[in-house]
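Just below is one structure, and these are the notes that go with it.
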Amino acid sequence: KRQPRFKIVICGIHVCTYVGDWEYIDLSGHDDVHVVEDCKGMQTPEFKIKWRLCKALHPEIDWRLS
């Protein structure tokens, strides 16, 4: 899936939305792994905050930077 969207909601308040580059299921290992991948040339301060929030709110996803 291209450009998956994740709403960042904290204490019931929609703070912002993170848009990744790709979302897919990695079938290469023993278990199917839900992956969200982002390709960044330069990591802006806004991206760094959204990335960390998404990782904290969705620990079941394997977040990858390429």
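Convention: chains lettered A, B, ... in structure tokens order; per-chain residue numbering from 1; ligands numbered from 1 as shown.
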
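Near Arg2 (chain A), within a cut-off of 9 Å and counting only C-alpha atoms, sit the residues Pro4, Gly20, Asp21, Trp22, Glu23 and Tyr24 of chain A, with same-chain residues fewer than 2 positions away left out.
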
Written file, previous selection with C-alpha atoms, as a PDB file, in the first residue's frame:
```pdb
ATOM      1  CA  PRO A   4      -0.459   4.752   4.457  1.00  0.00           C
ATOM      2  CA  GLY A  20       4.474   6.794   5.348  1.00  0.00           C
ATOM      3  CA  ASP A  21       5.860   5.823   1.966  1.00  0.00           C
ATOM      4  CA  TRP A  22       4.918   2.107   1.979  1.00  0.00           C
ATOM      5  CA  GLU A  23       3.017  -0.402   4.078  1.00  0.00           C
ATOM      6  CA  TYR A  24       3.373  -4.139   3.448  1.00  0.00           C
TER       7      TYR A  24
END
```

Quiz item: Where in chain A does DSSP assign strand (DSSP E), given as a list in words?
Solution: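 Selecting the strand (DSSP E) positions of chain A gives Arg5, Phe6, Lys7, Ile8, Val9, Ile10, Ile13, His14, Val15, Cys16, Thr17, Tyr18, Val19, Trp22, Glu23, Tyr24, Ile25, Asp26, Val33, His34, Val35, Val36, Glu37, Asp38, Asp62, Trp63, Arg64 and Leu65 of chain A.
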
Exercise. Fewer than 4 positions away in the same chain doesn't count, so skip those; otherwise give me all residues within 12 Å of Ser66 (chain A), counting only C-alpha atoms, as a PyMOL selection string.
Key: chain A and resi 20-22+36-43

Quiz item: Can you tell me, as a count of residues only, what residues are no more than 7 Å from Val19 (chain A) when counting only C-alpha atoms, ignoring any on the same chain fewer than 6 positions away?
Solution: 4

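Minimum distance to His58 (chain A) across A:Val35, A:Lys1, A:Ile13, A:His30 (counting only C-alpha atoms) occurs at A:Val35.
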
Please provide as an mmCIF file with C-alpha atoms, in the first residue's frame all residues within 8 Å of Tyr18 (chain A), with the sequence filter that same-chain residues fewer than 4 positions apart are discarded (counting only C-alpha atoms).
```
data_model
loop_
_atom_site.group_PDB
_atom_site.id
_atom_site.type_symbol
_atom_site.label_atom_id
_atom_site.label_comp_id
_atom_site.auth_asym_id
_atom_site.auth_seq_id
_atom_site.Cartn_x
_atom_site.Cartn_y
_atom_site.Cartn_z
ATOM 1 C CA ARG A 5 -1.935 7.230 6.920
ATOM 2 C CA PHE A 6 -1.769 6.932 10.700
ATOM 3 C CA LYS A 7 -3.704 9.321 12.906
ATOM 4 C CA ILE A 8 -1.734 10.266 15.988
ATOM 5 C CA LYS A 50 5.824 11.906 14.204
ATOM 6 C CA TRP A 51 8.049 8.847 13.675
ATOM 7 C CA CYS A 54 3.902 6.320 15.662
#
```

Quiz prompt | Best match for closeness to Phe47 (chain A) among A:Ser28, A:Val33, A:Thr17, A:Glu60, counting only C-alpha atoms | solution = A:Thr17

Practice problem: Mind listing the alpha helix (DSSP H) residues of chain A, per DSSP on the backbone, as a list in words? | Solution: Pro45, Glu46, Phe47, Lys48, Ile49, Lys50, Trp51, Arg52, Leu53, Cys54, Lys55, Ala56 and Leu57 of chain A

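The gap separating CA of Leu57 (chain A) from CA of Gly29 (chain A) is 24.2 Å, in Å to one decimal.
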